[in-house]
Every structure is written in C-alpha cells, then in structure tokens.
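> Handing over structure.pdb, PDB, C-alpha atoms.
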```
ATOM      1  CA  MET K 981     -11.417  -0.927   9.432
ATOM      2  CA  ASN K 982     -13.592   2.160   9.697
ATOM      3  CA  SER K 983     -10.740   4.662   9.988
ATOM      4  CA  VAL K 984      -8.733   2.998   7.214
ATOM      5  CA  LEU K 985     -11.643   2.930   4.776
ATOM      6  CA  GLN K 986     -12.657   6.508   5.568
ATOM      7  CA  SER K 987      -9.091   7.703   5.048
ATOM      8  CA  LEU K 988      -8.537   5.705   1.879
ATOM      9  CA  LEU K 989     -11.848   6.690   0.311
ATOM     10  CA  THR K 990     -11.257  10.418   0.881
ATOM     11  CA  LEU K 991      -8.270  10.294  -1.494
ATOM     12  CA  THR K 992     -10.152  11.688  -4.488
ATOM     13  CA  PRO K 993      -7.563  10.841  -7.204
ATOM     14  CA  PHE K 994      -7.315   7.277  -5.846
ATOM     15  CA  VAL K 995     -11.115   6.831  -5.900
ATOM     16  CA  GLU K 996     -11.383   8.372  -9.375
ATOM     17  CA  GLU K 997      -8.700   5.972 -10.672
ATOM     18  CA  LEU K 998     -10.538   3.079  -9.035
ATOM     19  CA  HIS K 999     -13.787   3.977 -10.811
ATOM     20  CA  LYS K1000     -12.076   4.635 -14.174
ATOM     21  CA  GLN K1001     -11.138   0.949 -14.264
ATOM     22  CA  SER K1002     -14.609  -0.399 -13.446
ATOM     23  CA  ARG K1003     -15.402  -1.681 -16.936
ATOM     24  CA  LEU K1004     -12.396  -4.022 -16.693
ATOM     25  CA  TRP K1005     -13.423  -5.619 -13.394
ATOM     26  CA  TYR K1006     -15.812  -8.080 -14.940
ATOM     27  CA  LEU K1007     -13.179  -9.281 -17.408
ATOM     28  CA  CYS K1008     -10.998 -10.500 -14.566
ATOM     29  CA  PRO K1009     -12.429 -12.485 -11.619
ATOM     30  CA  PRO K1010      -9.474 -11.602  -9.305
ATOM     31  CA  ALA K1011     -10.716  -7.989  -9.456
ATOM     32  CA  LEU K1012     -13.116  -8.727  -6.590
ATOM     33  CA  PRO K1013     -11.197  -6.553  -4.061
ATOM     34  CA  LEU K1014     -11.564  -3.570  -6.415
ATOM     35  CA  ILE K1015     -15.274  -4.230  -6.871
ATOM     36  CA  LEU K1016     -15.819  -4.566  -3.134
ATOM     37  CA  LEU K1017     -13.900  -1.378  -2.312
ATOM     38  CA  SER K1018     -15.995   0.449  -4.880
ATOM     39  CA  GLU K1019     -19.136  -0.974  -3.246
ATOM     40  CA  VAL K1020     -17.977   0.264   0.147
ATOM     41  CA  GLN K1021     -17.384   3.712  -1.342
ATOM     42  CA  SER K1022     -20.830   3.786  -2.982
ATOM     43  CA  CYS K1023     -22.455   2.887   0.376
ATOM     44  CA  LEU K1024     -20.938   5.818   2.253
ATOM     45  CA  PRO K1025     -23.736   8.340   1.613
ATOM     46  CA  SER K1026     -26.491   5.730   2.011
ATOM     47  CA  ARG K1027     -28.796   5.641   5.010
ATOM     48  CA  ASN K1028     -29.507   1.951   4.377
ATOM     49  CA  TRP K1029     -27.669   0.517   7.391
ATOM     50  CA  ALA K1030     -28.366  -3.103   6.419
ATOM     51  CA  ARG K1031     -26.700  -2.556   3.012
ATOM     52  CA  LYS K1032     -23.735  -0.809   4.661
ATOM     53  CA  LYS K1033     -23.266  -3.618   7.172
ATOM     54  CA  TRP K1034     -23.556  -6.338   4.524
ATOM     55  CA  THR K1035     -21.063  -4.529   2.253
ATOM     56  CA  LEU K1036     -18.555  -4.090   5.085
ATOM     57  CA  VAL K1037     -18.896  -7.733   6.154
ATOM     58  CA  VAL K1038     -18.306  -8.911   2.576
ATOM     59  CA  PHE K1039     -15.296  -6.585   2.265
ATOM     60  CA  LEU K1040     -13.831  -7.793   5.563
ATOM     61  CA  THR K1041     -14.400 -11.423   4.524
ATOM     62  CA  SER K1042     -12.482 -10.738   1.325
ATOM     63  CA  VAL K1043      -9.606  -9.187   3.294
ATOM     64  CA  ALA K1044      -9.651 -12.127   5.720
ATOM     65  CA  GLY K1045      -9.347 -14.503   2.753
ATOM     66  CA  PHE K1046      -6.129 -12.717   1.852
ATOM     67  CA  HIS K1047      -4.829 -12.450   5.426
ATOM     68  CA  SER K1048      -6.107 -14.907   8.032
ATOM     69  CA  GLU K1049      -5.384 -12.582  10.958
ATOM     70  CA  PHE K1050      -8.638 -10.765  10.176
ATOM     71  CA  ARG K1051     -10.860 -13.871  10.249
ATOM     72  CA  ASN K1052     -11.753 -13.944  13.932
ATOM     73  CA  GLY K1053     -13.410 -10.519  14.199
ATOM     74  CA  THR K1054     -11.145  -9.319  17.020
ATOM     75  CA  GLN K1055      -9.611  -5.869  17.276
ATOM     76  CA  GLN K1056      -6.639  -5.511  14.930
ATOM     77  CA  ASP K1057      -4.095  -2.837  14.141
ATOM     78  CA  ALA K1058      -5.299  -0.202  11.621
ATOM     79  CA  HIS K1059      -1.838   0.023  10.032
ATOM     80  CA  GLU K1060      -1.802  -3.736   9.437
ATOM     81  CA  PHE K1061      -5.303  -3.586   7.948
ATOM     82  CA  LEU K1062      -4.282  -0.746   5.612
ATOM     83  CA  SER K1063      -1.171  -2.661   4.527
ATOM     84  CA  VAL K1064      -3.182  -5.808   3.790
ATOM     85  CA  VAL K1065      -5.867  -3.908   1.856
ATOM     86  CA  LEU K1066      -3.289  -2.069  -0.274
ATOM     87  CA  GLN K1067      -1.384  -5.305  -0.957
ATOM     88  CA  GLN K1068      -4.604  -7.069  -1.890
ATOM     89  CA  LEU K1069      -5.643  -4.272  -4.269
ATOM     90  CA  SER K1070      -2.232  -4.107  -5.934
ATOM     91  CA  SER K1071      -1.840  -7.900  -6.140
ATOM     92  CA  VAL K1072      -4.392  -8.106  -8.968
ATOM     93  CA  SER K1073      -2.571  -5.516 -11.084
ATOM     94  CA  GLY K1074      -0.745  -8.004 -13.337
ATOM     95  CA  GLU K1075      -3.895  -9.979 -14.127
ATOM     96  CA  MET K1076      -5.870  -6.787 -14.688
ATOM     97  CA  LYS K1077      -3.232  -5.478 -17.105
ATOM     98  CA  SER K1078      -3.314  -8.771 -19.032
ATOM     99  CA  ALA K1079      -7.120  -8.798 -19.201
ATOM    100  CA  ALA K1080      -7.133  -5.184 -20.354
ATOM    101  CA  ALA K1081      -4.480  -5.822 -23.031
ATOM    102  CA  ALA K1082      -6.527  -8.757 -24.374
ATOM    103  CA  GLU K1083      -9.357  -6.264 -24.953
ATOM    104  CA  THR K1084      -6.971  -3.598 -26.350
ATOM    105  CA  LEU K1085      -7.535  -1.516 -23.227
ATOM    106  CA  SER K1086      -5.155  -0.368 -20.531
ATOM    107  CA  TYR K1087      -5.240  -0.731 -16.770
ATOM    108  CA  THR K1088      -3.735   1.550 -14.149
ATOM    109  CA  CYS K1089      -3.628   0.192 -10.624
ATOM    110  CA  PRO K1090      -4.954   2.895  -8.272
ATOM    111  CA  VAL K1091      -2.537   1.811  -5.536
ATOM    112  CA  GLU K1092       0.492   1.939  -7.836
ATOM    113  CA  ALA K1093      -0.601   5.224  -9.402
ATOM    114  CA  HIS K1094      -1.424   7.127  -6.216
ATOM    115  CA  ILE K1095      -0.068   5.445  -3.091
ATOM    116  CA  SER K1096       3.035   3.341  -3.715
ATOM    117  CA  PHE K1097       6.494   4.907  -3.831
ATOM    118  CA  GLN K1098      10.087   3.789  -4.120
ATOM    119  CA  MET K1099      12.963   4.154  -1.690
ATOM    120  CA  LEU K1100      16.642   3.875  -2.528
ATOM    121  CA  ASN K1101      18.708   2.071   0.107
ATOM    122  CA  THR K1102      22.394   2.897  -0.317
ATOM    123  CA  ARG K1103      25.182   1.123   1.581
ATOM    124  CA  GLN K1104      28.615   2.764   1.706
ATOM    125  CA  CYS K1105      31.769   1.096   3.016
ATOM    126  CA  ALA K1106      33.461   3.127   5.753
ATOM    127  CA  GLY K1107      36.855   1.816   4.566
ATOM    128  CA  CYS K1108      36.987   2.335   0.808
ATOM    129  CA  GLY K1109      33.815   4.322   0.143
ATOM    130  CA  HIS K1110      32.371   1.726  -2.241
ATOM    131  CA  GLU K1111      28.621   2.187  -2.628
ATOM    132  CA  SER K1112      25.889  -0.228  -3.573
ATOM    133  CA  GLY K1113      22.206   0.494  -3.733
ATOM    134  CA  ARG K1114      18.863  -1.107  -4.313
ATOM    135  CA  THR K1115      15.454   0.357  -4.938
ATOM    136  CA  GLU K1116      12.435  -1.053  -3.134
ATOM    137  CA  LYS K1117       8.723  -0.445  -3.598
ATOM    138  CA  TYR K1118       6.764   0.661  -0.526
ATOM    139  CA  LEU K1119       3.090   1.140   0.256
ATOM    140  CA  ASN K1120       3.707   2.844   3.607
ATOM    141  CA  LEU K1121       6.409   3.663   6.136
ATOM    142  CA  SER K1122       6.514   2.761   9.800
ATOM    143  CA  LEU K1123       7.856   5.874  11.474
ATOM    144  CA  VAL K1124       9.092   6.132  15.037
ATOM    145  CA  SER K1125       6.788   8.340  17.109
ATOM    146  CA  LYS K1126       8.306  11.796  17.446
ATOM    147  CA  ASP K1127       6.945  15.293  18.055
ATOM    148  CA  SER K1128       5.942  15.586  14.390
ATOM    149  CA  VAL K1129       5.734  13.552  11.207
ATOM    150  CA  SER K1130       8.669  15.566   9.867
ATOM    151  CA  GLN K1131      10.836  14.541  12.811
ATOM    152  CA  GLY K1132       9.768  10.909  12.462
ATOM    153  CA  LEU K1133      10.648  11.025   8.774
ATOM    154  CA  LEU K1134      14.059  12.582   9.465
ATOM    155  CA  GLU K1135      14.744   9.813  11.987
ATOM    156  CA  TYR K1136      13.740   7.172   9.420
ATOM    157  CA  LEU K1137      16.013   8.675   6.755
ATOM    158  CA  LYS K1138      18.999   9.086   9.101
ATOM    159  CA  ALA K1139      22.073   7.070   8.086
ATOM    160  CA  GLU K1140      22.730   4.050  10.263
ATOM    161  CA  GLN K1141      25.894   2.085  10.902
ATOM    162  CA  LEU K1142      25.984  -1.543   9.743
ATOM    163  CA  GLU K1143      28.322  -4.444  10.202
ATOM    164  CA  TYR K1144      29.111  -5.537   6.660
ATOM    165  CA  LYS K1145      32.253  -7.190   5.340
ATOM    166  CA  CYS K1146      33.374  -5.280   2.246
ATOM    167  CA  HIS K1147      35.708  -6.636  -0.443
ATOM    168  CA  CYS K1148      38.377  -4.184   0.856
ATOM    169  CA  GLY K1149      38.380  -5.955   4.222
ATOM    170  CA  ALA K1150      36.567  -3.251   6.199
ATOM    171  CA  SER K1151      33.708  -4.516   8.341
ATOM    172  CA  GLU K1152      31.876  -1.246   8.900
ATOM    173  CA  SER K1153      29.529   0.533   6.539
ATOM    174  CA  TRP K1154      26.703   3.041   6.542
ATOM    175  CA  GLN K1155      23.239   2.670   5.137
ATOM    176  CA  ARG K1156      21.034   5.576   4.210
ATOM    177  CA  ARG K1157      17.565   5.732   2.731
ATOM    178  CA  SER K1158      16.154   8.266   0.317
ATOM    179  CA  PHE K1159      13.023   8.608  -1.745
ATOM    180  CA  SER K1160      13.315   7.650  -5.413
ATOM    181  CA  THR K1161       9.662   8.431  -6.100
ATOM    182  CA  LEU K1162       6.900   9.907  -3.980
ATOM    183  CA  PRO K1163       3.245   8.926  -3.795
ATOM    184  CA  LYS K1164       0.811  11.328  -5.410
TER     185      LYS K1164
END
```
Written as structure tokens, how would this file's structure read?


Amino acid sequence: MNSVLQSLLTLTPFVEELHKQSRLWYLCPPALPLILLSEVQSCLPSRNWARKKWTLVVFLTSVAGFHSEFRNGTQQDAHEFLSVVLQQLSSVSGEMKSAAAAETLSYTCPVEAHISFQMLNTRQCAGCGHESGRTEKYLNLSLVSKDSVSQGLLEYLKAEQLEYKCHCGASESWQRRSFSTLPK
C-alpha cells in the first residue's frame, strides 16, 4: 500500500486533477474513494502519526470494501492493490459526471485523464489475410520480466499465433497488440 500510494501521489498532473474536482465530491456520495485518496495525500507532509495511521486505515477499509482480498490485513501484491485502487477511483466516474451535469459543471476522472490508455488487438487470418480488431481500455500492463522495461514491452507487443477458425476455412491466425492511446 505504501509504495503504491507514494508512486500514485507523486504524479503531479493526476493529483492536480484529483483536487480540481473536489467541489463535486460532496454532491455524489460514491465519491468517497476520491475524498479518501485526497486525505491520504494531504497527510503526507504531516508529522501527526495518529492522523496518518487513521487516514491509511480508513483508505484501506474503503479499498477492502471494493475488493475483499484486502480485508484480512495480510501481505498482498502491490500490482493488485494498484489495480483495485485505480478501478475503484474510475468506477465512480459515471455518477460523478451525472452529478456534475446536474449542477451545470463538468467532471474529469483523474484516472481516465492521466493513467488509462487503450490498446488495439488485431487478429489476422493466416489463410486469407482477413483482419478484425477490437479496442480495449487498460489501467496497467503486466509485462514479462526482461532486462529492461523496453524489452518487456516489445515482448508484450510481439505478434502471437492463435488457433482460430476463419470463414475461409483456415484455422491459424495471428494476433498483435498496439497502443491506440497512451497515458499522460
């Protein structure tokens, strides 16, 4: 939790976007994850350890309410925690946009604006060359450990062979991934 929150809260544009939306939080009760993350961020420079501990416990309780794996207080994977936190923050986006529109305001989800990205998955038949594609939204990538991030990313984007029955009768195709959008 510590490493994830420190990393997330050092993303200045993300934190600025989070705080820009603060006047909307009280219009929409599901905004609690945003409020709590902001509280965690405001505690960082404090020397009041009791306040820091209480804020972190409340934040973790909120995350555990969204994902039961974090209820028991045992050691968990940082990547999983980051994924759950980002999903929880972005899950309130629709309600926040509706609440903002009702007040003739606008809402920009900090996760959608600064962290999420889209990947295009393209499948091509080895027989006839027919292509089909779909775009998916991502909050992170799970890369295979290599010598560098660049090598892990190249491995992730490498085309892979699939068994897929095409309308032409061929049963072999290739799938490749590419970025449609990048996170800020």

> Taking the file as I've supplied it (selection: the PyMOL selection byres ((chain K and resi 1099) around 9)), which residues are included? Please answer as a PDB file with C-alpha atoms, in the frame of the given file.


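Done, and the output landed in result-v6.pdb:
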```pdb
ATOM      1  CA  PHE K1097       6.494   4.907  -3.831  1.00  0.00           C
ATOM      2  CA  GLN K1098      10.087   3.789  -4.120  1.00  0.00           C
ATOM      3  CA  LEU K1100      16.642   3.875  -2.528  1.00  0.00           C
ATOM      4  CA  ASN K1101      18.708   2.071   0.107  1.00  0.00           C
ATOM      5  CA  ARG K1114      18.863  -1.107  -4.313  1.00  0.00           C
ATOM      6  CA  THR K1115      15.454   0.357  -4.938  1.00  0.00           C
ATOM      7  CA  GLU K1116      12.435  -1.053  -3.134  1.00  0.00           C
ATOM      8  CA  LYS K1117       8.723  -0.445  -3.598  1.00  0.00           C
ATOM      9  CA  TYR K1118       6.764   0.661  -0.526  1.00  0.00           C
ATOM     10  CA  ARG K1157      17.565   5.732   2.731  1.00  0.00           C
ATOM     11  CA  SER K1158      16.154   8.266   0.317  1.00  0.00           C
ATOM     12  CA  PHE K1159      13.023   8.608  -1.745  1.00  0.00           C
ATOM     13  CA  SER K1160      13.315   7.650  -5.413  1.00  0.00           C
ATOM     14  CA  THR K1161       9.662   8.431  -6.100  1.00  0.00           C
ATOM     15  CA  LEU K1162       6.900   9.907  -3.980  1.00  0.00           C
TER      16      LEU K1162
END
```

> If the PyMOL selection byres ((chain K and resi 1051) around 12) is run on the structure shown, which residues does it catch, given as a list in words?

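After applying the PyMOL selection byres ((chain K and resi 1051) around 12), what remains is Val1037, Val1038, Phe1039, Leu1040, Thr1041, Ser1042, Val1043, Ala1044, Gly1045, Phe1046, His1047, Ser1048, Glu1049, Phe1050, Asn1052, Gly1053, Thr1054, Gln1055, Gln1056 and Phe1061 of chain K.
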
> Which of these residues is nearest to His1110 in chain K, using only C-alpha atoms: K:Cys1146, K:Leu991, K:Leu1085, K:Val984?

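For His1110 in chain K, the nearest of the candidates is K:Cys1146.
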
> Just to confirm, what's the straight-line distance from CA of Glu1111 in chain K to CA of Glu1140 in chain K in Å (one decimal)?

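CA of Glu1111 in chain K sits 14.3 Å away from CA of Glu1140 in chain K.
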
> Let me make sure I understand: among K:Ser1130, K:Leu1137, K:Ala1106, K:Ala1082, which one has the smallest atom-to-atom distance to Ser1151 in chain K if we use all atoms listed in the file?

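Checking each candidate against Ser1151 in chain K, we get K:Ala1106 as the closest.
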
> Per residue of range 1036-1145 of chain K within 9 Å of range 1008-1028 of chain K, note the shortest atom pair and the distance in Å to one decimal, counting only C-alpha atoms, and order the rows by chain and increasing residue number, as JSON lines.


```
{"residue": "K:Leu1036", "atom": "CA", "partner": "K:Val1020", "partner_atom": "CA", "distance": 6.6}
{"residue": "K:Val1038", "atom": "CA", "partner": "K:Leu1016", "partner_atom": "CA", "distance": 7.6}
{"residue": "K:Phe1039", "atom": "CA", "partner": "K:Leu1016", "partner_atom": "CA", "distance": 5.8}
{"residue": "K:Ser1042", "atom": "CA", "partner": "K:Pro1013", "partner_atom": "CA", "distance": 6.9}
{"residue": "K:Val1043", "atom": "CA", "partner": "K:Pro1013", "partner_atom": "CA", "distance": 8.0}
{"residue": "K:Val1065", "atom": "CA", "partner": "K:Pro1013", "partner_atom": "CA", "distance": 8.4}
{"residue": "K:Gln1068", "atom": "CA", "partner": "K:Pro1013", "partner_atom": "CA", "distance": 7.0}
{"residue": "K:Leu1069", "atom": "CA", "partner": "K:Pro1013", "partner_atom": "CA", "distance": 6.0}
{"residue": "K:Val1072", "atom": "CA", "partner": "K:Pro1010", "partner_atom": "CA", "distance": 6.2}
{"residue": "K:Ser1073", "atom": "CA", "partner": "K:Ala1011", "partner_atom": "CA", "distance": 8.7}
{"residue": "K:Glu1075", "atom": "CA", "partner": "K:Cys1008", "partner_atom": "CA", "distance": 7.1}
{"residue": "K:Met1076", "atom": "CA", "partner": "K:Cys1008", "partner_atom": "CA", "distance": 6.3}
{"residue": "K:Ala1079", "atom": "CA", "partner": "K:Cys1008", "partner_atom": "CA", "distance": 6.3}
{"residue": "K:Ala1080", "atom": "CA", "partner": "K:Cys1008", "partner_atom": "CA", "distance": 8.8}
```

> Kindly indicate which residue among K:Leu988, K:Leu1007, K:Val1124, K:Ala1150 lies nearest to His1094 in chain K, using all atoms listed in the file for the distances.

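Checking each of K:Leu988, K:Leu1007, K:Val1124, K:Ala1150 against His1094 in chain K, counting all atoms listed in the file, the winner is K:Leu988.
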
> Just to confirm, what's the straight-line distance from CA of Lys1032 in chain K to CA of Met981 in chain K in Å (one decimal)?

13.2 Å

> Using CA of Val1091 in chain K and CA of Leu989 in chain K as the two end points, give the distance in Å to one decimal.

12.0 Å

> Kindly provide, as a ChimeraX atom specification, the polymer residues lying within 10 Å of (11.5, 4.8, 12.7), counting only C-alpha atoms and using the coordinates exactly as they appear in the file.

/K:1121-1126,1131-1138

> Given the choices K:Gln1141, K:Thr1084, K:Ser1071, K:Ser1096, which gets closest to Phe994 in chain K if the distance is worked out from only C-alpha atoms?

K:Ser1096

> Of the candidates K:Cys1089, K:Ala1058, K:Ala1030, K:Leu985, which one gets nearest to Trp1005 in chain K if we count all atoms listed in the file?

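That would be K:Cys1089, the residue with the smallest distance to Trp1005 in chain K.
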
> Rank K:Gln1155, K:Ser1070, K:Ser1128, K:Ser1063 by their smallest atom-to-atom distance to Tyr1087 in chain K, using all atoms listed in the file, and report the top residue only.

K:Ser1070

> Quick one: range 1066-1081 of chain K with N, CA, C and O atoms, as a short mmCIF file (atom, residue, chain, number, x, y, z; two decimals), in the frame of the given file?


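The resulting out_5.cif:
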```cif
data_model
loop_
_atom_site.label_atom_id
_atom_site.label_comp_id
_atom_site.auth_asym_id
_atom_site.auth_seq_id
_atom_site.Cartn_x
_atom_site.Cartn_y
_atom_site.Cartn_z
N LEU K 1066 -4.07 -2.59 0.85
CA LEU K 1066 -3.29 -2.07 -0.27
C LEU K 1066 -2.58 -3.19 -1.03
O LEU K 1066 -2.54 -3.18 -2.26
N GLN K 1067 -2.03 -4.16 -0.30
CA GLN K 1067 -1.38 -5.30 -0.96
C GLN K 1067 -2.40 -6.11 -1.76
O GLN K 1067 -2.11 -6.53 -2.88
N GLN K 1068 -3.57 -6.30 -1.20
CA GLN K 1068 -4.60 -7.07 -1.89
C GLN K 1068 -5.04 -6.35 -3.17
O GLN K 1068 -5.19 -6.97 -4.22
N LEU K 1069 -5.24 -5.04 -3.09
CA LEU K 1069 -5.64 -4.27 -4.27
C LEU K 1069 -4.56 -4.28 -5.34
O LEU K 1069 -4.86 -4.40 -6.53
N SER K 1070 -3.31 -4.15 -4.93
CA SER K 1070 -2.23 -4.11 -5.93
C SER K 1070 -1.86 -5.50 -6.45
O SER K 1070 -1.30 -5.62 -7.53
N SER K 1071 -2.21 -6.54 -5.71
CA SER K 1071 -1.84 -7.90 -6.14
C SER K 1071 -2.55 -8.34 -7.42
O SER K 1071 -2.09 -9.25 -8.09
N VAL K 1072 -3.65 -7.72 -7.76
CA VAL K 1072 -4.39 -8.11 -8.97
C VAL K 1072 -3.95 -7.30 -10.19
O VAL K 1072 -4.45 -7.53 -11.29
N SER K 1073 -2.99 -6.41 -10.01
CA SER K 1073 -2.57 -5.52 -11.08
C SER K 1073 -2.11 -6.26 -12.34
O SER K 1073 -2.51 -5.92 -13.45
N GLY K 1074 -1.26 -7.27 -12.17
CA GLY K 1074 -0.74 -8.00 -13.34
C GLY K 1074 -1.85 -8.66 -14.14
O GLY K 1074 -1.89 -8.57 -15.37
N GLU K 1075 -2.77 -9.32 -13.44
CA GLU K 1075 -3.90 -9.98 -14.13
C GLU K 1075 -4.82 -8.96 -14.78
O GLU K 1075 -5.35 -9.19 -15.87
N MET K 1076 -5.02 -7.83 -14.12
CA MET K 1076 -5.87 -6.79 -14.69
C MET K 1076 -5.23 -6.20 -15.95
O MET K 1076 -5.92 -5.95 -16.94
N LYS K 1077 -3.93 -6.00 -15.93
CA LYS K 1077 -3.23 -5.48 -17.10
C LYS K 1077 -3.33 -6.46 -18.27
O LYS K 1077 -3.54 -6.06 -19.42
N SER K 1078 -3.20 -7.75 -17.98
CA SER K 1078 -3.31 -8.77 -19.03
C SER K 1078 -4.72 -8.81 -19.61
O SER K 1078 -4.90 -8.88 -20.83
N ALA K 1079 -5.73 -8.78 -18.74
CA ALA K 1079 -7.12 -8.80 -19.20
C ALA K 1079 -7.43 -7.55 -20.03
O ALA K 1079 -8.11 -7.63 -21.06
N ALA K 1080 -6.91 -6.42 -19.61
CA ALA K 1080 -7.13 -5.18 -20.35
C ALA K 1080 -6.46 -5.24 -21.72
O ALA K 1080 -7.05 -4.87 -22.73
N ALA K 1081 -5.22 -5.73 -21.77
CA ALA K 1081 -4.48 -5.82 -23.03
C ALA K 1081 -5.20 -6.74 -24.02
O ALA K 1081 -5.23 -6.47 -25.22
#
```
